[in-house]
Structure formats: C-alpha cells, structure tokens
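A.B. asks: I'd like to ask you about the structure that follows.
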Amino acid sequence: MIVRKATLQDAKGIGKVHVDSWRTTYKHIVPVEYLSKLSYEQRTQLWTQQLADKTKYVLVAENELGDIIGFTSASKRDSNPTSNSNYLETLYLLEDYHGKGIGKQLLQAIFHYFHEKNYQTIFVEVLAENKTRHFYGHYGANLIKSLEITIGGKVVEELVYEWHDIEETLEKRM
C-alpha cells in the first residue's frame, strides 16, 4: 500500500471510492434515495475539477494492485474561521480497508502537508452519526461546535473538530 499525491488521471478511482464509501458509511444516516442517486460519472467529473484546482491538495492510497482504495483532501476556504488555517476536507476509505492503519497513513501524510505549509489550525467536519468520527479525536482533534445541515432532504448533525498544533499532532499522536 502506498500513499501519494493524486493526479488528474486518478479522478475516476477517487470518484469510485467517494461513491462506494458514502454508500457504506452513510447508509443509515443519509436517505437511501440520495445514496442510490450518487454516480461514478458525476463524482469523476467533480474530482477532475477538484484535481485541476491548484488550491486543493489531494492524496490517494493505492493497494498492491495499484487500485485507489482511499483518499484525503485539503482546502483553504474563503470562510476559514481563523487565519493561517486549512480544512481537512475529505478522508474516505473503502470499507474493506478499515482497521488496517491506512486511514492513519492518509491522515499523517496530509498533516505533513499542513506542517510544510505552516498552517496552525486545521478543521474537519464529520457527521455526528458517522461511527468513524472518533478517529479524529483519537488523533488529537477537539470538538468545537455542532451544527445542522441537510443532506438529501434530511436534517443531520455535523460536528466540527479542530487541531491547534500540527507539530504536536505529528510527534505525539501519529
């Protein structure tokens, strides 16, 4: 398994992981009608745009066959609540690869990027009912607020976590 910076050619593989991981992770959280309408083509198109955007930073995890099995991305938002901050925008992994340390490797790699860019604060948003939300707390993120969002016509709770010290997170948590 390797983690590497994504290229435009990875859009299709990222799109597939995005759809498949949403369907497994959110199957009891988001309306099934919404999940069934997710398409590989639409997500491939989305990720083609994301990968072309130079303000985004995207990494992929590949298995030994070279298939993309997970990805993570970071972005600076116009609405960043603090200066010198960034968002851990996504971290998705196919269900068959959960519990094997790959999520940690993706998180560690994106945190090296944050450290290189001298970001001080990192935010991540995760659905409250997502069982993997504890992953972020395990690696030092602190819950700072809760808000309601609507996905597929259903109101769900979203939690916002933050890390204040990138270097400490890398040294002591990973």
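Going by the structure tokens order, chains are called A, B, ..., each with residues numbered from 1, while ligands are numbered from 1 in the order shown.
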List the spatial neighbours of segment 113-128 of chain A as a PDB file with N, CA, C and O atoms, in the first residue's frame - criterion: any atom at most 7 Å away, only C-alpha atoms, same-chain residues fewer than 3 positions off excluded.

C.D. replies:
ATOM      1  N   ASN A  84      -4.453  31.571   8.910  1.00  0.00           N
ATOM      2  CA  ASN A  84      -3.450  30.507   8.870  1.00  0.00           C
ATOM      3  C   ASN A  84      -4.050  29.139   9.224  1.00  0.00           C
ATOM      4  O   ASN A  84      -3.469  28.375   9.982  1.00  0.00           O
ATOM      5  N   SER A  85      -5.214  28.880   8.658  1.00  0.00           N
ATOM      6  CA  SER A  85      -5.879  27.600   8.906  1.00  0.00           C
ATOM      7  C   SER A  85      -6.229  26.940   7.579  1.00  0.00           C
ATOM      8  O   SER A  85      -6.164  27.557   6.522  1.00  0.00           O
ATOM      9  N   ASN A  86      -6.593  25.679   7.668  1.00  0.00           N
ATOM     10  CA  ASN A  86      -6.959  24.913   6.491  1.00  0.00           C
ATOM     11  C   ASN A  86      -7.990  23.875   6.921  1.00  0.00           C
ATOM     12  O   ASN A  86      -8.174  23.655   8.114  1.00  0.00           O
ATOM     13  N   TYR A  87      -8.621  23.258   5.945  1.00  0.00           N
ATOM     14  CA  TYR A  87      -9.610  22.224   6.211  1.00  0.00           C
ATOM     15  C   TYR A  87      -9.120  20.875   5.722  1.00  0.00           C
ATOM     16  O   TYR A  87      -8.626  20.768   4.603  1.00  0.00           O
ATOM     17  N   LEU A  88      -9.267  19.881   6.578  1.00  0.00           N
ATOM     18  CA  LEU A  88      -9.180  18.502   6.144  1.00  0.00           C
ATOM     19  C   LEU A  88     -10.565  18.248   5.557  1.00  0.00           C
ATOM     20  O   LEU A  88     -11.537  18.055   6.268  1.00  0.00           O
ATOM     21  N   GLU A  89     -10.645  18.367   4.251  1.00  0.00           N
ATOM     22  CA  GLU A  89     -11.940  18.379   3.579  1.00  0.00           C
ATOM     23  C   GLU A  89     -12.544  16.979   3.452  1.00  0.00           C
ATOM     24  O   GLU A  89     -13.746  16.798   3.640  1.00  0.00           O
ATOM     25  N   ALA A 109       0.005  11.715   6.282  1.00  0.00           N
ATOM     26  CA  ALA A 109       0.546  12.333   5.065  1.00  0.00           C
ATOM     27  C   ALA A 109      -0.031  13.726   4.843  1.00  0.00           C
ATOM     28  O   ALA A 109       0.701  14.662   4.482  1.00  0.00           O
ATOM     29  N   ILE A 110      -1.320  13.905   5.073  1.00  0.00           N
ATOM     30  CA  ILE A 110      -1.914  15.232   4.867  1.00  0.00           C
ATOM     31  C   ILE A 110      -1.440  16.180   5.959  1.00  0.00           C
ATOM     32  O   ILE A 110      -1.258  17.373   5.719  1.00  0.00           O
ATOM     33  N   ARG A 133     -16.143   9.026  13.407  1.00  0.00           N
ATOM     34  CA  ARG A 133     -15.836  10.372  13.896  1.00  0.00           C
ATOM     35  C   ARG A 133     -14.826  10.342  15.047  1.00  0.00           C
ATOM     36  O   ARG A 133     -14.064  11.273  15.236  1.00  0.00           O
ATOM     37  N   GLU A 157     -26.911  16.133  12.027  1.00  0.00           N
ATOM     38  CA  GLU A 157     -25.977  16.902  12.852  1.00  0.00           C
ATOM     39  C   GLU A 157     -24.563  16.727  12.316  1.00  0.00           C
ATOM     40  O   GLU A 157     -24.118  15.608  12.057  1.00  0.00           O
ATOM     41  N   GLU A 158     -23.883  17.852  12.164  1.00  0.00           N
ATOM     42  CA  GLU A 158     -22.490  17.837  11.732  1.00  0.00           C
ATOM     43  C   GLU A 158     -21.638  18.391  12.866  1.00  0.00           C
ATOM     44  O   GLU A 158     -21.989  19.402  13.477  1.00  0.00           O
ATOM     45  N   LEU A 159     -20.540  17.717  13.145  1.00  0.00           N
ATOM     46  CA  LEU A 159     -19.618  18.145  14.186  1.00  0.00           C
ATOM     47  C   LEU A 159     -18.390  18.762  13.544  1.00  0.00           C
ATOM     48  O   LEU A 159     -17.897  18.266  12.532  1.00  0.00           O
ATOM     49  N   VAL A 160     -17.895  19.831  14.151  1.00  0.00           N
ATOM     50  CA  VAL A 160     -16.688  20.482  13.661  1.00  0.00           C
ATOM     51  C   VAL A 160     -15.601  20.283  14.721  1.00  0.00           C
ATOM     52  O   VAL A 160     -15.788  20.625  15.893  1.00  0.00           O
ATOM     53  N   TYR A 161     -14.498  19.699  14.281  1.00  0.00           N
ATOM     54  CA  TYR A 161     -13.340  19.470  15.141  1.00  0.00           C
ATOM     55  C   TYR A 161     -12.201  20.355  14.667  1.00  0.00           C
ATOM     56  O   TYR A 161     -12.153  20.757  13.508  1.00  0.00           O
ATOM     57  N   GLU A 162     -11.253  20.603  15.572  1.00  0.00           N
ATOM     58  CA  GLU A 162     -10.067  21.353  15.167  1.00  0.00           C
ATOM     59  C   GLU A 162      -8.822  20.824  15.871  1.00  0.00           C
ATOM     60  O   GLU A 162      -8.883  20.285  16.967  1.00  0.00           O
ATOM     61  N   TRP A 163      -7.724  20.983  15.184  1.00  0.00           N
ATOM     62  CA  TRP A 163      -6.395  20.740  15.743  1.00  0.00           C
ATOM     63  C   TRP A 163      -5.706  22.099  15.830  1.00  0.00           C
ATOM     64  O   TRP A 163      -5.752  22.882  14.879  1.00  0.00           O
ATOM     65  N   HIS A 164      -5.035  22.356  16.946  1.00  0.00           N
ATOM     66  CA  HIS A 164      -4.329  23.639  17.123  1.00  0.00           C
ATOM     67  C   HIS A 164      -2.834  23.538  16.875  1.00  0.00           C
ATOM     68  O   HIS A 164      -2.198  24.533  16.559  1.00  0.00           O
ATOM     69  N   ASP A 165      -2.267  22.378  17.060  1.00  0.00           N
ATOM     70  CA  ASP A 165      -0.817  22.245  16.983  1.00  0.00           C
ATOM     71  C   ASP A 165      -0.445  21.077  16.067  1.00  0.00           C
ATOM     72  O   ASP A 165      -0.432  19.916  16.488  1.00  0.00           O
ATOM     73  N   ILE A 166      -0.150  21.413  14.815  1.00  0.00           N
ATOM     74  CA  ILE A 166       0.154  20.395  13.806  1.00  0.00           C
ATOM     75  C   ILE A 166       1.386  19.582  14.207  1.00  0.00           C
ATOM     76  O   ILE A 166       1.400  18.354  14.113  1.00  0.00           O
ATOM     77  N   GLU A 167       2.416  20.284  14.655  1.00  0.00           N
ATOM     78  CA  GLU A 167       3.662  19.611  15.011  1.00  0.00           C
ATOM     79  C   GLU A 167       3.446  18.623  16.157  1.00  0.00           C
ATOM     80  O   GLU A 167       3.909  17.481  16.102  1.00  0.00           O
TER      81      GLU A 167
END

A.B. asks: Could you pull the residues within 7 Å of segment 36-43 of chain A, counting only C-alpha atoms, minus those fewer than 2 positions along the same chain, as a compact mmCIF listing (two decimals) with N, CA and C atoms, in the first residue's frame?

C.D. replies:
# COMPACT_ATOMS: atom_id res chain seq x y z
N GLY A 15 -13.39 9.03 -7.61
CA GLY A 15 -14.85 9.08 -7.73
C GLY A 15 -15.51 7.79 -7.29
N LYS A 16 -14.92 6.67 -7.65
CA LYS A 16 -15.47 5.36 -7.26
C LYS A 16 -15.40 5.17 -5.75
N VAL A 19 -18.08 7.44 -4.01
CA VAL A 19 -19.44 6.90 -4.06
C VAL A 19 -19.56 5.67 -3.15
N VAL A 32 -31.61 6.69 1.73
CA VAL A 32 -31.15 5.71 0.74
C VAL A 32 -31.38 6.22 -0.69
N GLU A 33 -32.45 6.98 -0.89
CA GLU A 33 -32.72 7.53 -2.23
C GLU A 33 -31.58 8.44 -2.68
N TYR A 34 -31.06 9.22 -1.74
CA TYR A 34 -29.94 10.12 -2.05
C TYR A 34 -28.70 9.31 -2.42
N GLN A 45 -16.33 13.49 -12.52
CA GLN A 45 -16.32 14.86 -13.04
C GLN A 45 -15.97 15.84 -11.92
N LEU A 46 -16.56 15.65 -10.75
CA LEU A 46 -16.26 16.50 -9.59
C LEU A 46 -14.77 16.45 -9.26
N TRP A 47 -14.22 15.24 -9.22
CA TRP A 47 -12.81 15.09 -8.85
C TRP A 47 -11.86 15.54 -9.95

A.B. asks: Between atom CA of Ile149 of chain A and atom CA of Val58 of chain A, what is the spacing in Å?

C.D. replies: 24.7 Å

A.B. asks: With a distance cut-off of 10 Å and only C-alpha atoms, select the neighbouring residues of Gln9 of chain A, excluding the residue or stretch itself and same-chain residues fewer than 3 positions from it, and output the selection as a ChimeraX atom specification.

C.D. replies: /A:6,12-14,47-48,51

A.B. asks: Grab the residues selected above and save them as an mmCIF file, in the first residue's frame with all heavy atoms.

C.D. replies:
data_model
loop_
_atom_site.group_PDB
_atom_site.id
_atom_site.type_symbol
_atom_site.label_atom_id
_atom_site.label_comp_id
_atom_site.auth_asym_id
_atom_site.auth_seq_id
_atom_site.Cartn_x
_atom_site.Cartn_y
_atom_site.Cartn_z
ATOM 1 N N ALA A 6 -2.229 12.865 -5.610
ATOM 2 C CA ALA A 6 -3.131 12.491 -6.698
ATOM 3 C C ALA A 6 -2.814 13.278 -7.962
ATOM 4 O O ALA A 6 -2.310 14.397 -7.911
ATOM 5 C CB ALA A 6 -4.572 12.750 -6.276
ATOM 6 N N LYS A 12 -11.146 9.142 -11.750
ATOM 7 C CA LYS A 12 -12.101 8.033 -11.825
ATOM 8 C C LYS A 12 -12.012 7.139 -10.588
ATOM 9 O O LYS A 12 -13.034 6.767 -10.006
ATOM 10 C CB LYS A 12 -11.860 7.216 -13.096
ATOM 11 C CG LYS A 12 -12.885 6.127 -13.312
ATOM 12 C CD LYS A 12 -12.676 5.427 -14.644
ATOM 13 C CE LYS A 12 -13.744 4.368 -14.867
ATOM 14 N NZ LYS A 12 -13.604 3.720 -16.165
ATOM 15 N N GLY A 13 -10.807 6.807 -10.164
ATOM 16 C CA GLY A 13 -10.626 5.967 -8.980
ATOM 17 C C GLY A 13 -11.100 6.656 -7.712
ATOM 18 O O GLY A 13 -11.728 6.027 -6.843
ATOM 19 N N ILE A 14 -10.828 7.951 -7.592
ATOM 20 C CA ILE A 14 -11.294 8.714 -6.430
ATOM 21 C C ILE A 14 -12.817 8.782 -6.442
ATOM 22 O O ILE A 14 -13.464 8.605 -5.406
ATOM 23 C CB ILE A 14 -10.672 10.127 -6.418
ATOM 24 C CG1 ILE A 14 -9.159 10.042 -6.207
ATOM 25 C CG2 ILE A 14 -11.324 10.996 -5.335
ATOM 26 C CD1 ILE A 14 -8.427 11.363 -6.412
ATOM 27 N N TRP A 47 -14.216 15.235 -9.222
ATOM 28 C CA TRP A 47 -12.813 15.092 -8.846
ATOM 29 C C TRP A 47 -11.865 15.545 -9.954
ATOM 30 O O TRP A 47 -10.743 15.984 -9.675
ATOM 31 C CB TRP A 47 -12.525 13.678 -8.333
ATOM 32 C CG TRP A 47 -13.042 13.607 -6.927
ATOM 33 C CD1 TRP A 47 -14.202 13.035 -6.507
ATOM 34 C CD2 TRP A 47 -12.468 14.236 -5.795
ATOM 35 N NE1 TRP A 47 -14.371 13.256 -5.162
ATOM 36 C CE2 TRP A 47 -13.323 13.994 -4.697
ATOM 37 C CE3 TRP A 47 -11.308 14.982 -5.577
ATOM 38 C CZ2 TRP A 47 -13.055 14.467 -3.416
ATOM 39 C CZ3 TRP A 47 -11.041 15.454 -4.298
ATOM 40 C CH2 TRP A 47 -11.908 15.199 -3.240
ATOM 41 N N THR A 48 -12.292 15.505 -11.182
ATOM 42 C CA THR A 48 -11.490 16.089 -12.263
ATOM 43 C C THR A 48 -11.344 17.584 -12.019
ATOM 44 O O THR A 48 -10.245 18.139 -12.134
ATOM 45 C CB THR A 48 -12.135 15.806 -13.641
ATOM 46 O OG1 THR A 48 -12.196 14.385 -13.828
ATOM 47 C CG2 THR A 48 -11.345 16.448 -14.767
ATOM 48 N N LEU A 51 -9.120 18.167 -8.793
ATOM 49 C CA LEU A 51 -7.697 17.920 -9.035
ATOM 50 C C LEU A 51 -7.063 18.995 -9.909
ATOM 51 O O LEU A 51 -5.862 19.225 -9.830
ATOM 52 C CB LEU A 51 -7.502 16.536 -9.656
ATOM 53 C CG LEU A 51 -7.801 15.367 -8.713
ATOM 54 C CD1 LEU A 51 -7.943 14.069 -9.486
ATOM 55 C CD2 LEU A 51 -6.730 15.251 -7.642
#

A.B. asks: I'd like to know which of A:Glu129, A:Asp20, A:Asp78, A:Asp67 is closest to Leu94 of chain A, using only C-alpha atoms.

C.D. replies: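 Closest to Leu94 of chain A, using only C-alpha atoms: A:Asp20.
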
A.B. asks: Could you write out, as a PyMOL selection string, all the residues of chain A that DSSP marks as helix (DSSP H, G or I)?

C.D. replies: chain A and resi 8-25+32-36+40-52+95-97+102-116+131-138+166-173
